[in-house]
>>> print(open('structure-v8.txt').read())   # compact mmCIF, C-alpha atoms
# COMPACT_ATOMS: atom_id res chain seq x y z
CA MET A 1 -41.17 77.70 -8.33
CA ILE A 2 -39.69 77.07 -11.79
CA ILE A 3 -36.12 76.47 -10.60
CA PRO A 4 -37.04 73.71 -8.07
CA ILE A 5 -39.16 71.96 -10.71
CA VAL A 6 -36.30 72.04 -13.21
CA ARG A 7 -33.87 70.81 -10.55
CA THR A 8 -36.16 67.91 -9.65
CA ALA A 9 -36.53 66.89 -13.30
CA ILE A 10 -32.74 66.97 -13.79
CA VAL A 11 -32.19 64.79 -10.72
CA ALA A 12 -34.77 62.29 -11.98
CA LEU A 13 -33.09 62.15 -15.38
CA ARG A 14 -29.65 61.67 -13.83
CA ARG A 15 -30.91 58.71 -11.80
CA ASP A 16 -32.00 56.92 -14.96
CA ARG A 17 -28.57 56.84 -16.56
CA VAL A 18 -29.61 54.62 -19.45
CA SER A 19 -32.28 57.08 -20.56
CA LEU A 20 -29.85 59.95 -20.05
CA VAL A 21 -27.20 58.41 -22.28
CA LEU A 22 -29.63 57.28 -24.96
CA SER A 23 -31.21 60.72 -25.11
CA PHE A 24 -27.93 62.02 -26.52
CA VAL A 25 -26.86 58.89 -28.41
CA VAL A 26 -29.99 58.76 -30.58
CA PRO A 27 -29.45 62.03 -32.48
CA ILE A 28 -25.70 61.40 -32.81
CA ALA A 29 -26.20 57.88 -34.18
CA PHE A 30 -28.92 59.00 -36.56
CA PHE A 31 -26.82 61.91 -37.83
CA THR A 32 -23.83 59.60 -38.37
CA ILE A 33 -25.85 57.17 -40.50
CA PHE A 34 -27.23 59.84 -42.80
CA ALA A 35 -23.85 61.55 -43.00
CA VAL A 36 -22.33 58.28 -44.25
CA VAL A 37 -25.18 57.69 -46.72
CA PHE A 38 -25.46 61.18 -48.17
CA GLY A 39 -22.17 62.87 -47.33
CA GLY A 40 -19.63 60.14 -47.96
CA GLN A 41 -16.59 60.51 -50.17
CA HIS A 42 -16.68 59.61 -53.86
CA ASP A 43 -14.91 56.31 -53.33
CA THR A 44 -17.70 55.11 -51.02
CA VAL A 45 -20.35 55.37 -53.75
CA PRO A 46 -21.37 51.82 -54.75
CA LYS A 47 -20.62 50.67 -58.26
CA ILE A 48 -23.56 49.93 -60.51
CA LYS A 49 -23.69 46.22 -61.32
CA VAL A 50 -24.28 45.70 -65.02
CA ILE A 51 -24.58 42.50 -67.06
CA VAL A 52 -23.18 42.77 -70.60
CA VAL A 53 -24.09 40.26 -73.30
CA ASP A 54 -21.98 40.70 -76.45
CA GLU A 55 -23.87 38.87 -79.19
CA ASP A 56 -21.90 40.71 -81.88
CA GLN A 57 -18.35 39.70 -80.91
CA SER A 58 -16.90 42.24 -83.32
CA ARG A 59 -13.82 44.36 -82.75
CA ALA A 60 -16.02 47.39 -82.02
CA SER A 61 -18.23 45.56 -79.52
CA GLN A 62 -15.21 44.10 -77.71
CA GLN A 63 -13.67 47.56 -77.48
CA LEU A 64 -16.96 48.89 -76.10
CA VAL A 65 -17.11 46.18 -73.43
CA LYS A 66 -13.48 46.84 -72.49
CA GLY A 67 -14.28 50.54 -72.17
CA LEU A 68 -17.21 49.80 -69.87
CA GLU A 69 -15.06 47.49 -67.74
CA SER A 70 -12.45 50.22 -67.29
CA ASP A 71 -15.02 52.69 -65.94
CA GLY A 72 -14.71 52.99 -62.16
CA SER A 73 -18.45 53.59 -61.71
CA LEU A 74 -19.52 50.24 -63.17
CA ALA A 75 -19.08 46.63 -62.09
CA ILE A 76 -19.33 44.74 -65.37
CA THR A 77 -20.05 41.03 -65.40
CA THR A 78 -20.55 38.68 -68.33
CA LYS A 79 -21.32 35.48 -66.43
CA PRO A 80 -22.94 34.51 -63.10
CA ALA A 81 -20.86 34.01 -59.99
CA PRO A 82 -19.57 30.45 -59.45
CA THR A 83 -21.70 28.19 -57.25
CA LYS A 84 -21.32 24.73 -55.75
CA ASP A 85 -23.45 23.25 -58.52
CA GLN A 86 -21.72 25.20 -61.28
CA ALA A 87 -18.07 25.95 -60.60
CA LYS A 88 -17.55 27.33 -64.12
CA PRO A 89 -20.74 29.13 -65.13
CA ILE A 90 -21.40 29.88 -68.78
CA ASP A 91 -21.76 33.42 -70.12
CA TYR A 92 -25.04 35.25 -69.85
CA THR A 93 -27.40 35.21 -72.80
CA ALA A 94 -30.10 37.75 -73.60
CA VAL A 95 -32.66 35.48 -71.92
CA THR A 96 -30.66 34.76 -68.76
CA ALA A 97 -29.61 38.43 -68.47
CA GLU A 98 -33.25 39.53 -68.57
CA ALA A 99 -34.10 36.88 -65.97
CA ALA A 100 -31.32 38.24 -63.73
CA VAL A 101 -32.78 41.75 -63.92
CA LYS A 102 -36.25 40.41 -63.13
CA ALA A 103 -34.87 38.51 -60.14
CA GLY A 104 -33.18 41.64 -58.79
CA ASP A 105 -29.60 40.39 -59.17
CA VAL A 106 -28.73 43.57 -61.09
CA SER A 107 -30.59 46.73 -62.07
CA VAL A 108 -29.30 46.96 -65.66
CA ALA A 109 -28.31 44.57 -68.45
CA LEU A 110 -26.85 45.59 -71.82
CA ILE A 111 -27.40 43.43 -74.91
CA VAL A 112 -25.14 44.19 -77.90
CA PRO A 113 -27.02 42.72 -80.91
CA PRO A 114 -25.41 40.88 -83.84
CA GLY A 115 -24.23 43.21 -86.57
CA TRP A 116 -23.85 46.19 -84.27
CA GLY A 117 -20.12 46.55 -84.95
CA ALA A 118 -20.70 47.04 -88.68
CA ASN A 119 -22.78 50.16 -88.05
CA PRO A 120 -22.29 51.36 -84.45
CA ILE A 121 -23.00 55.05 -85.01
CA SER A 122 -26.64 56.05 -85.14
CA PHE A 123 -27.97 59.26 -86.60
CA ARG A 124 -31.53 60.47 -86.30
CA GLY A 125 -33.68 58.65 -88.82
CA ASP A 126 -31.12 55.92 -89.38
CA SER A 127 -33.43 52.99 -88.76
CA ASP A 128 -30.99 50.41 -90.13
CA ALA A 129 -28.51 50.90 -87.29
CA PRO A 130 -28.95 48.11 -84.69
CA ALA A 131 -29.56 49.43 -81.21
CA ILE A 132 -28.06 48.21 -77.95
CA GLN A 133 -30.78 46.93 -75.62
CA LEU A 134 -30.73 48.42 -72.12
CA LEU A 135 -32.87 46.22 -69.86
CA ASN A 136 -33.67 47.79 -66.51
CA ASP A 137 -35.64 47.52 -63.30
CA ALA A 138 -38.03 50.47 -63.07
CA SER A 139 -37.68 50.64 -59.28
CA ASP A 140 -34.13 51.97 -59.73
CA THR A 141 -34.57 55.18 -61.73
CA ILE A 142 -30.95 56.30 -61.38
CA ALA A 143 -28.94 53.31 -62.62
CA PRO A 144 -30.37 53.18 -66.18
CA GLN A 145 -29.68 56.87 -66.75
CA MET A 146 -26.11 56.60 -65.45
CA VAL A 147 -25.39 53.46 -67.48
CA GLY A 148 -26.84 55.09 -70.60
CA GLY A 149 -24.56 58.10 -70.22
CA LEU A 150 -21.49 56.00 -69.43
CA LEU A 151 -22.26 53.82 -72.46
CA GLN A 152 -22.01 56.85 -74.72
CA LYS A 153 -18.78 57.86 -72.98
CA ALA A 154 -17.29 54.40 -73.48
CA ALA A 155 -18.15 54.53 -77.18
CA MET A 156 -16.18 57.74 -77.59
CA THR A 157 -13.17 56.83 -75.45
CA ALA A 158 -12.71 53.10 -76.08
CA MET A 159 -13.25 52.88 -79.83
CA PRO A 160 -11.95 56.08 -81.48
CA GLU A 161 -10.82 54.22 -84.59
CA THR A 162 -14.30 52.83 -85.15
CA MET A 163 -15.85 56.23 -84.54
CA ALA A 164 -13.50 57.83 -87.08
CA GLU A 165 -14.18 55.14 -89.71
CA GLN A 166 -17.92 55.53 -89.25
CA GLY A 167 -17.56 59.29 -89.45
CA MET A 168 -15.78 58.97 -92.78
CA LYS A 169 -18.50 56.67 -94.09
CA TYR A 170 -21.31 59.02 -93.14
CA SER A 171 -19.40 62.03 -94.44
CA GLU A 172 -19.03 60.43 -97.86
CA GLN A 173 -22.67 59.33 -97.79
CA TYR A 174 -24.14 62.75 -97.04
CA ILE A 175 -21.45 65.18 -98.30
CA GLY A 176 -19.64 63.43 -101.11
CA GLU A 177 -16.56 61.31 -101.70
CA PHE A 178 -13.17 62.48 -100.42
CA THR A 179 -10.39 63.52 -102.75
CA PRO A 180 -7.31 61.25 -102.85
CA ASP A 181 -5.39 63.76 -100.70
CA GLN A 182 -8.22 63.97 -98.15
CA ARG A 183 -8.52 60.21 -98.03
CA LYS A 184 -4.76 59.85 -97.42
CA LYS A 185 -4.92 62.30 -94.51
CA MET A 186 -7.88 60.42 -93.03
CA THR A 187 -6.07 57.10 -93.45
CA ASP A 188 -2.98 58.48 -91.70
CA GLY A 189 -5.20 59.77 -88.87
CA LEU A 190 -6.81 56.35 -88.48
CA GLU A 191 -3.36 54.73 -88.27
CA GLN A 192 -2.41 57.10 -85.47
CA LEU A 193 -5.62 56.20 -83.64
CA ARG A 194 -4.78 52.49 -83.98
CA GLN A 195 -1.37 53.13 -82.42
CA ILE A 196 -2.98 55.02 -79.55
CA GLU A 197 -5.42 52.15 -78.98
CA ASN A 198 -2.54 49.68 -78.70
CA ARG A 199 -0.83 51.70 -75.97
CA PRO A 200 -1.43 51.03 -72.26
CA ASP A 201 -4.36 52.90 -70.78
CA SER A 202 -2.04 55.16 -68.77
CA ALA A 203 -0.36 56.36 -71.97
CA ARG A 204 -3.52 57.45 -73.73
CA THR A 205 -4.22 61.13 -73.82
CA GLY A 206 -6.86 63.42 -75.20
CA ALA A 207 -9.77 61.09 -74.40
CA ALA A 208 -13.19 62.70 -74.10
CA SER A 209 -14.64 62.88 -70.62
CA SER A 210 -18.30 62.52 -71.67
CA SER A 211 -20.30 61.41 -74.66
CA GLY A 212 -21.84 64.78 -75.34
CA GLY A 213 -24.86 63.09 -76.96
CA GLY A 214 -26.39 59.86 -78.23
CA ILE A 215 -23.73 58.78 -80.71
CA ILE A 216 -24.87 55.13 -80.48
CA ALA A 217 -28.46 53.92 -80.52
CA VAL A 218 -29.79 52.58 -77.24
CA LYS A 219 -33.28 51.19 -76.67
CA SER A 220 -34.25 51.09 -73.01
CA ARG A 221 -36.88 48.66 -71.78
CA SER A 222 -38.18 48.07 -68.26
CA VAL A 223 -38.48 44.34 -67.68
CA VAL A 224 -39.80 44.76 -64.13
CA GLY A 225 -42.69 47.00 -63.13
CA GLU A 226 -43.49 48.37 -66.59
CA ASN A 227 -47.19 47.39 -66.35
CA LYS A 228 -47.80 48.41 -62.73
CA LYS A 229 -50.06 51.39 -62.07
CA ASN A 230 -48.19 52.75 -59.08
CA PRO A 231 -44.89 50.88 -58.98
CA MET A 232 -43.32 52.25 -55.79
CA VAL A 233 -46.37 51.83 -53.53
CA SER A 234 -45.51 48.22 -52.62
CA PHE A 235 -41.97 49.22 -51.65
CA GLU A 236 -43.15 52.15 -49.53
CA ALA A 237 -45.87 50.08 -47.85
CA ALA A 238 -43.34 47.44 -46.84
CA ALA A 239 -40.63 49.92 -45.83
CA ILE A 240 -42.83 52.18 -43.70
CA GLY A 241 -44.93 49.28 -42.46
CA VAL A 242 -42.01 47.34 -41.01
CA MET A 243 -40.65 50.42 -39.23
CA PHE A 244 -43.94 51.11 -37.49
CA LEU A 245 -44.43 47.44 -36.70
CA LEU A 246 -41.20 47.61 -34.71
CA PHE A 247 -42.47 50.61 -32.75
CA THR A 248 -45.83 48.92 -32.13
CA ALA A 249 -44.24 45.66 -31.03
CA SER A 250 -41.87 47.35 -28.59
CA GLY A 251 -44.67 49.46 -27.13
CA SER A 252 -47.01 46.50 -26.79
CA ALA A 253 -44.34 44.32 -25.18
CA GLY A 254 -43.75 47.13 -22.69
CA ALA A 255 -46.93 46.02 -20.94
CA LEU A 256 -44.69 43.41 -19.30
CA LEU A 257 -42.81 46.20 -17.52
CA ASP A 258 -46.07 47.78 -16.37
CA GLU A 259 -47.20 44.46 -14.92
CA ALA A 260 -43.87 43.97 -13.16
CA GLU A 261 -44.02 47.46 -11.66
CA SER A 262 -47.62 47.14 -10.48
CA GLY A 263 -47.11 43.69 -8.99
CA ALA A 264 -49.53 42.03 -11.40
CA LEU A 265 -46.71 39.92 -12.82
CA ASP A 266 -45.97 38.35 -9.42
CA ARG A 267 -49.62 37.41 -9.00
CA VAL A 268 -49.75 35.85 -12.46
CA LEU A 269 -46.57 33.85 -11.86
CA SER A 270 -47.91 32.60 -8.55
CA SER A 271 -50.65 30.79 -10.47
CA ARG A 272 -50.18 27.88 -12.84
CA ILE A 273 -48.84 30.08 -15.62
CA THR A 274 -45.07 29.89 -16.10
CA MET A 275 -42.89 32.69 -17.38
CA GLY A 276 -42.36 30.79 -20.63
CA GLY A 277 -46.09 30.40 -21.14
CA LEU A 278 -46.70 34.06 -20.31
CA LEU A 279 -44.08 35.25 -22.80
CA ALA A 280 -45.40 32.87 -25.47
CA GLY A 281 -48.92 34.22 -24.99
CA LYS A 282 -47.74 37.81 -25.29
CA LEU A 283 -45.67 36.85 -28.31
CA VAL A 284 -48.72 35.41 -30.08
CA PHE A 285 -50.76 38.53 -29.27
CA ASN A 286 -48.04 40.79 -30.64
CA ILE A 287 -47.78 38.67 -33.81
CA LEU A 288 -51.52 38.99 -34.42
CA LEU A 289 -51.40 42.72 -33.70
CA ALA A 290 -48.47 43.29 -36.07
CA PHE A 291 -50.04 41.20 -38.84
CA ALA A 292 -53.35 43.04 -38.49
CA GLN A 293 -51.55 46.39 -38.68
CA LEU A 294 -49.67 45.28 -41.78
CA THR A 295 -52.87 44.02 -43.41
CA VAL A 296 -54.65 47.32 -42.82
CA MET A 297 -51.73 49.24 -44.34
CA PHE A 298 -51.67 47.12 -47.51
CA LEU A 299 -55.45 47.24 -47.84
CA TRP A 300 -55.26 51.03 -47.63
CA ALA A 301 -52.57 50.97 -50.34
CA TRP A 302 -54.91 48.82 -52.46
CA ALA A 303 -57.97 51.00 -51.94
CA VAL A 304 -56.33 54.42 -52.30
CA PHE A 305 -53.15 53.86 -54.35
CA HIS A 306 -54.30 50.88 -56.49
CA LEU A 307 -51.77 48.39 -55.18
CA ASP A 308 -52.29 44.97 -56.78
CA PHE A 309 -52.97 43.26 -53.45
CA PHE A 310 -55.40 40.36 -53.89
CA SER A 311 -53.37 38.61 -56.59
CA HIS A 312 -50.47 38.39 -54.13
CA ILE A 313 -52.34 37.08 -51.08
CA PRO A 314 -50.24 33.88 -50.55
CA GLY A 315 -46.95 35.76 -50.65
CA PHE A 316 -48.33 38.51 -48.43
CA ILE A 317 -49.53 36.05 -45.78
CA VAL A 318 -46.19 34.24 -45.70
CA MET A 319 -44.10 37.41 -45.51
CA GLY A 320 -46.56 39.15 -43.19
CA LEU A 321 -46.58 36.38 -40.59
CA CYS A 322 -42.79 35.90 -40.71
CA THR A 323 -42.20 39.65 -40.37
CA ALA A 324 -44.75 39.88 -37.55
CA PHE A 325 -43.03 37.02 -35.72
CA ALA A 326 -39.60 38.66 -36.01
CA VAL A 327 -40.76 42.12 -34.84
CA ALA A 328 -42.83 40.62 -32.01
CA ALA A 329 -39.79 38.71 -30.73
CA PHE A 330 -37.76 41.89 -31.04
CA GLY A 331 -40.25 43.74 -28.85
CA MET A 332 -40.21 40.96 -26.24
CA LEU A 333 -36.43 41.10 -26.09
CA LEU A 334 -36.41 44.86 -25.50
CA ALA A 335 -39.03 44.54 -22.77
CA SER A 336 -36.96 41.85 -21.05
CA ILE A 337 -33.74 43.88 -21.20
CA CYS A 338 -35.13 47.18 -19.93
CA ARG A 339 -35.98 47.98 -16.32
CA THR A 340 -38.36 50.88 -16.86
CA ARG A 341 -40.67 52.28 -19.50
CA ALA A 342 -38.32 55.24 -19.92
CA GLN A 343 -35.43 52.92 -20.74
CA LEU A 344 -37.62 50.99 -23.18
CA GLY A 345 -38.70 54.16 -24.96
CA ALA A 346 -35.17 55.46 -25.36
CA LEU A 347 -33.60 52.12 -26.33
CA SER A 348 -36.36 51.17 -28.76
CA THR A 349 -36.21 54.58 -30.43
CA LEU A 350 -32.45 54.30 -30.93
CA LEU A 351 -32.47 50.74 -32.26
CA ILE A 352 -35.56 51.08 -34.46
CA LEU A 353 -34.43 54.31 -36.08
CA VAL A 354 -30.95 52.92 -36.73
CA MET A 355 -32.36 49.66 -38.11
CA SER A 356 -34.83 51.55 -40.30
CA ALA A 357 -32.16 53.91 -41.61
CA ILE A 358 -29.66 51.24 -42.64
CA GLY A 359 -32.28 48.59 -43.40
CA GLY A 360 -33.98 50.53 -46.19
CA SER A 361 -37.14 51.86 -44.53
CA MET A 362 -36.05 55.47 -44.95
CA PHE A 363 -33.77 55.28 -47.98
CA PRO A 364 -33.39 52.53 -50.63
CA ARG A 365 -30.49 50.26 -49.80
CA PHE A 366 -29.32 49.96 -53.41
CA LEU A 367 -28.37 53.64 -53.32
CA MET A 368 -26.26 53.26 -50.18
CA PRO A 369 -22.50 52.60 -50.01
CA GLU A 370 -21.64 48.92 -50.21
CA ALA A 371 -20.63 48.75 -46.54
CA MET A 372 -24.02 50.19 -45.53
CA GLN A 373 -25.80 47.68 -47.74
CA LYS A 374 -24.05 44.82 -45.98
CA ALA A 375 -24.76 46.35 -42.58
CA GLY A 376 -28.44 46.50 -43.50
CA LEU A 377 -28.55 42.71 -43.71
CA TRP A 378 -28.28 42.66 -39.91
CA THR A 379 -31.72 44.26 -39.62
CA ILE A 380 -35.24 42.91 -39.76
CA ASN A 381 -36.20 45.75 -42.11
CA ALA A 382 -33.90 44.70 -44.95
CA TRP A 383 -35.07 41.08 -45.08
CA ALA A 384 -38.74 42.02 -44.76
CA ILE A 385 -38.51 44.68 -47.49
CA ASP A 386 -36.65 42.30 -49.82
CA GLY A 387 -39.34 39.68 -49.31
CA PHE A 388 -42.27 42.03 -49.94
CA THR A 389 -40.44 43.41 -52.99
CA LYS A 390 -40.20 39.90 -54.42
CA VAL A 391 -43.93 39.41 -53.87
CA PHE A 392 -45.42 42.70 -55.03
CA TRP A 393 -42.77 44.09 -57.38
CA ARG A 394 -41.13 41.11 -59.03
CA ASP A 395 -44.24 38.86 -58.90
CA LEU A 396 -42.13 35.90 -57.77
CA PRO A 397 -43.78 32.76 -56.32
CA VAL A 398 -43.82 31.90 -52.63
CA THR A 399 -41.02 29.39 -53.15
CA ALA A 400 -38.68 32.27 -54.06
CA LEU A 401 -39.09 33.67 -50.53
CA TRP A 402 -37.24 30.85 -48.80
CA GLN A 403 -34.18 32.95 -47.95
CA GLN A 404 -36.10 35.88 -46.44
CA VAL A 405 -38.49 33.53 -44.62
CA SER A 406 -35.62 31.47 -43.18
CA VAL A 407 -33.76 34.52 -41.90
CA LEU A 408 -36.85 36.15 -40.36
CA LEU A 409 -37.87 32.92 -38.62
CA ALA A 410 -34.32 32.43 -37.34
CA ILE A 411 -34.25 36.01 -36.03
CA GLY A 412 -37.56 35.51 -34.25
CA ILE A 413 -36.52 32.22 -32.64
CA VAL A 414 -33.16 33.54 -31.44
CA LEU A 415 -34.57 36.80 -30.08
CA PHE A 416 -37.39 35.05 -28.24
CA ALA A 417 -34.98 32.49 -26.76
CA VAL A 418 -32.74 35.31 -25.48
CA ALA A 419 -35.77 37.18 -24.12
CA ARG A 420 -36.92 34.08 -22.25
CA ARG A 421 -33.46 33.69 -20.75
CA ILE A 422 -33.29 37.29 -19.57
CA ALA A 423 -36.86 37.20 -18.22
CA ARG A 424 -35.79 34.62 -15.61
CA ARG A 425 -34.98 37.54 -13.32
CA TRP A 426 -38.70 38.00 -12.66
CA GLU A 427 -39.08 34.35 -11.66
CA TYR A 428 -36.46 34.67 -8.89
CA ALA A 429 -37.28 38.22 -7.83
>>> encode(input="structure-v8.txt", output="structure tokens")
Amino acid sequence: MIIPIVRTAIVALRRDRVSLVLSFVVPIAFFTIFAVVFGGQHDTVPKIKVIVVDEDQSRASQQLVKGLESDGSLAITTKPAPTKDQAKPIDYTAVTAEAAVKAGDVSVALIVPPGWGANPISFRGDSDAPAIQLLNDASDTIAPQMVGGLLQKAAMTAMPETMAEQGMKYSEQYIGEFTPDQRKKMTDGLEQLRQIENRPDSARTGAASSSGGGIIAVKSRSVVGENKKNPMVSFEAAAIGVMFLLFTASGSAGALLDEAESGALDRVLSSRITMGGLLAGKLVFNILLAFAQLTVMFLWAWAVFHLDFFSHIPGFIVMGLCTAFAVAAFGMLLASICRTRAQLGALSTLLILVMSAIGGSMFPRFLMPEAMQKAGLWTINAWAIDGFTKVFWRDLPVTALWQQVSVLLAIGIVLFAVARRIARRWEYA
């Protein structure tokens, strides 16, 4: 009896070709995404964007900045990108650099203080040495550590003359003055270092590959999230919440297929209700369902994980309703495209998992290759997560959400319009 049952199931699966294809496409697509994210080549790793403010403007600080700019792992910028209102933007200051980190434009900013070039080397207990300020966003735990290490590397490779001069100074301070012969040898060595510095980068040899320790003083400070009890809860609530909203919306919209199969849809359309009105009603229900689900998730995060929820109610309502509208329209579109529940299940699983993977619900987008980050902007997840991050992590006002709100509303309108167009097949069936 087993063989006939298996044969019957195979025949049924072969008849539904869409489900058959998607059953094999889903794992392949999912594997490909994670292979690109985690197993890509070195040249696909995104550069860390870093703002550098050189308040010292000494020879040593300029050499340090040049060394940072030559590092292939960093994308150094000293001024904002040109805009229509400001074609030639002015250089960042300590205040504007900190504001850029708070706004999420970059994860790290380096401030070289005045007087740093006169005493760049810092030894333990040397409180007079000015420290470079490393401003960071606590949500990105990797970038500050990498930038701190590369900063030490740049100090050793880009300013050897300064390092040697400082070494001589500290040697005389703690050991004793050099003899005339020793001083002559040190002076000759410094002259050779100056000649090496003036050569093209390709001609330099013998440069150290790592700092080997904290040769320069760096004070790290989190300008975003430093006073939050559980900083990553808001990100996780938004990321996981949006993914499951998509599954809920597609499943709820699938009731349209059940009604069409049972004949209930024909009876409804034979009354005064039009297809447009029916879809609009289901859209509103799905919006309310998605918003309620999102509210419950954030309330749970508040009650159990101490998420600061009630001080962000306006931003949550705006982002919650816009996200619910976009995912509800997405579910209506899938229900209109598919012919059966089996097709809806397979197609929704494929699209939602792919959108969640590249949109940041499963893995932070700032750690992905640059191409994947741009691809994520085609998903509902990315825009929703960015909006909730602005609300709960960066504590930005509702007016700062205009970009995310505009995109989510546009997505919802377009998807619902396409769904209404496709649903005309039921009117003429």
>>> residues_around(input="structure-v8.txt", residues="Ser356 in chain A", least_positions_apart="5", cutoff="10 Å", atoms="all atoms listed in the file", output="list in words")
Ala239, Ile240, Val242, Met243, Phe244, Leu246, Leu351, Ser361, Met362, Phe363, Gly376, Thr379, Ile380, Asn381 and Ala382 of chain A
>>> closest_residue(input="structure-v8.txt", among="A:Trp402, A:Arg7, A:Ala423, A:Thr77", to="Gly277 in chain A", atoms="only C-alpha atoms")
A:Ala423
>>> atom_distance(input="structure-v8.txt", atom1="CA of Pro89 in chain A", atom2="CA of Val112 in chain A")
20.2 Å
>>> closest_residue(input="structure-v8.txt", among="A:Asn119, A:Val50, A:Trp378, A:Gly67", to="Met146 in chain A", atoms="only C-alpha atoms")
A:Val50
>>> atom_distance(input="structure-v8.txt", atom1="CA of Arg15 in chain A", atom2="CA of Asp266 in chain A")
25.4 Å
>>> closest_residue(input="structure-v8.txt", among="A:Ile121, A:Leu134, A:Ile28, A:Ala103", to="Ser220 in chain A", atoms="only C-alpha atoms")
A:Leu134
>>> residues_around(input="structure-v8.txt", residues="Arg394 in chain A", least_positions_apart="3", cutoff="8 Å", atoms="only C-alpha atoms", output="tab-separated table (two decimals) with C-alpha atoms, in the frame of the given file")
chain	number	residue	atom	x	y	z
A	102	LYS	CA	-36.25	40.41	-63.13
A	103	ALA	CA	-34.87	38.51	-60.14
A	104	GLY	CA	-33.18	41.64	-58.79
A	224	VAL	CA	-39.80	44.76	-64.13
A	225	GLY	CA	-42.69	47.00	-63.13
A	389	THR	CA	-40.44	43.41	-52.99
A	390	LYS	CA	-40.20	39.90	-54.42
A	391	VAL	CA	-43.93	39.41	-53.87
>>> atom_distance(input="structure-v8.txt", atom1="CA of Gln63 in chain A", atom2="CA of Ala155 in chain A")
8.3 Å
>>> closest_residue(input="structure-v8.txt", among="A:Ser222, A:Ser73, A:Ser139, A:Thr349", to="Lys49 in chain A", atoms="all atoms listed in the file")
A:Ser73
>>> closest_residue(input="structure-v8.txt", among="A:Val318, A:Ala237, A:Ala264, A:Ala81", to="Leu408 in chain A", atoms="all atoms listed in the file")
A:Val318
>>> residues_around(input="structure-v8.txt", residues="range 255-257 of chain A", least_positions_apart="5", cutoff="12 Å", atoms="only C-alpha atoms", output="ChimeraX atom specification")
/A:248-250,262-266,268,275,278-279,281-283,285-286,331-345,419,423,426
>>> write_last_selection(input="structure-v8.txt", atoms="C-alpha atoms", output="PDB file, keeping the file's coordinate frame")
ATOM      1  CA  THR A 248     -45.830  48.920 -32.130  1.00  0.00           C
ATOM      2  CA  ALA A 249     -44.240  45.660 -31.030  1.00  0.00           C
ATOM      3  CA  SER A 250     -41.870  47.350 -28.590  1.00  0.00           C
ATOM      4  CA  SER A 262     -47.620  47.140 -10.480  1.00  0.00           C
ATOM      5  CA  GLY A 263     -47.110  43.690  -8.990  1.00  0.00           C
ATOM      6  CA  ALA A 264     -49.530  42.030 -11.400  1.00  0.00           C
ATOM      7  CA  LEU A 265     -46.710  39.920 -12.820  1.00  0.00           C
ATOM      8  CA  ASP A 266     -45.970  38.350  -9.420  1.00  0.00           C
ATOM      9  CA  VAL A 268     -49.750  35.850 -12.460  1.00  0.00           C
ATOM     10  CA  MET A 275     -42.890  32.690 -17.380  1.00  0.00           C
ATOM     11  CA  LEU A 278     -46.700  34.060 -20.310  1.00  0.00           C
ATOM     12  CA  LEU A 279     -44.080  35.250 -22.800  1.00  0.00           C
ATOM     13  CA  GLY A 281     -48.920  34.220 -24.990  1.00  0.00           C
ATOM     14  CA  LYS A 282     -47.740  37.810 -25.290  1.00  0.00           C
ATOM     15  CA  LEU A 283     -45.670  36.850 -28.310  1.00  0.00           C
ATOM     16  CA  PHE A 285     -50.760  38.530 -29.270  1.00  0.00           C
ATOM     17  CA  ASN A 286     -48.040  40.790 -30.640  1.00  0.00           C
ATOM     18  CA  GLY A 331     -40.250  43.740 -28.850  1.00  0.00           C
ATOM     19  CA  MET A 332     -40.210  40.960 -26.240  1.00  0.00           C
ATOM     20  CA  LEU A 333     -36.430  41.100 -26.090  1.00  0.00           C
ATOM     21  CA  LEU A 334     -36.410  44.860 -25.500  1.00  0.00           C
ATOM     22  CA  ALA A 335     -39.030  44.540 -22.770  1.00  0.00           C
ATOM     23  CA  SER A 336     -36.960  41.850 -21.050  1.00  0.00           C
ATOM     24  CA  ILE A 337     -33.740  43.880 -21.200  1.00  0.00           C
ATOM     25  CA  CYS A 338     -35.130  47.180 -19.930  1.00  0.00           C
ATOM     26  CA  ARG A 339     -35.980  47.980 -16.320  1.00  0.00           C
ATOM     27  CA  THR A 340     -38.360  50.880 -16.860  1.00  0.00           C
ATOM     28  CA  ARG A 341     -40.670  52.280 -19.500  1.00  0.00           C
ATOM     29  CA  ALA A 342     -38.320  55.240 -19.920  1.00  0.00           C
ATOM     30  CA  GLN A 343     -35.430  52.920 -20.740  1.00  0.00           C
ATOM     31  CA  LEU A 344     -37.620  50.990 -23.180  1.00  0.00           C
ATOM     32  CA  GLY A 345     -38.700  54.160 -24.960  1.00  0.00           C
ATOM     33  CA  ALA A 419     -35.770  37.180 -24.120  1.00  0.00           C
ATOM     34  CA  ALA A 423     -36.860  37.200 -18.220  1.00  0.00           C
ATOM     35  CA  TRP A 426     -38.700  38.000 -12.660  1.00  0.00           C
TER      36      TRP A 426
END
>>> axis_aligned_box(input="structure-v8.txt", around="range 385-393 of chain A", padding_each_side="6 Å", output="AutoDock Vina command-line options")
--center_x -41.0 --center_y 42.0 --center_z -52.4 --size_x 20.8 --size_y 17.3 --size_z 21.9
>>> closest_residue(input="structure-v8.txt", among="A:Pro369, A:Gly387, A:Pro144, A:Gly254", to="Ala109 in chain A", atoms="only C-alpha atoms")
A:Pro144
>>> residues_around(input="structure-v8.txt", residues="Val106 in chain A", least_positions_apart="6", cutoff="12 Å", atoms="all atoms listed in the file", output="JSON, numbers by chain")
{"A": [47, 48, 49, 50, 51, 52, 74, 75, 76, 77, 78, 80, 96, 97, 98, 99, 100, 135, 136, 137, 138, 139, 140, 143, 144, 223, 224, 366]}
>>> residues_around(input="structure-v8.txt", residues="Ala417 in chain A", least_positions_apart="3", cutoff="10 Å", atoms="only C-alpha atoms", output="ChimeraX atom specification")
/A:276,329,332-333,411-414,420-423
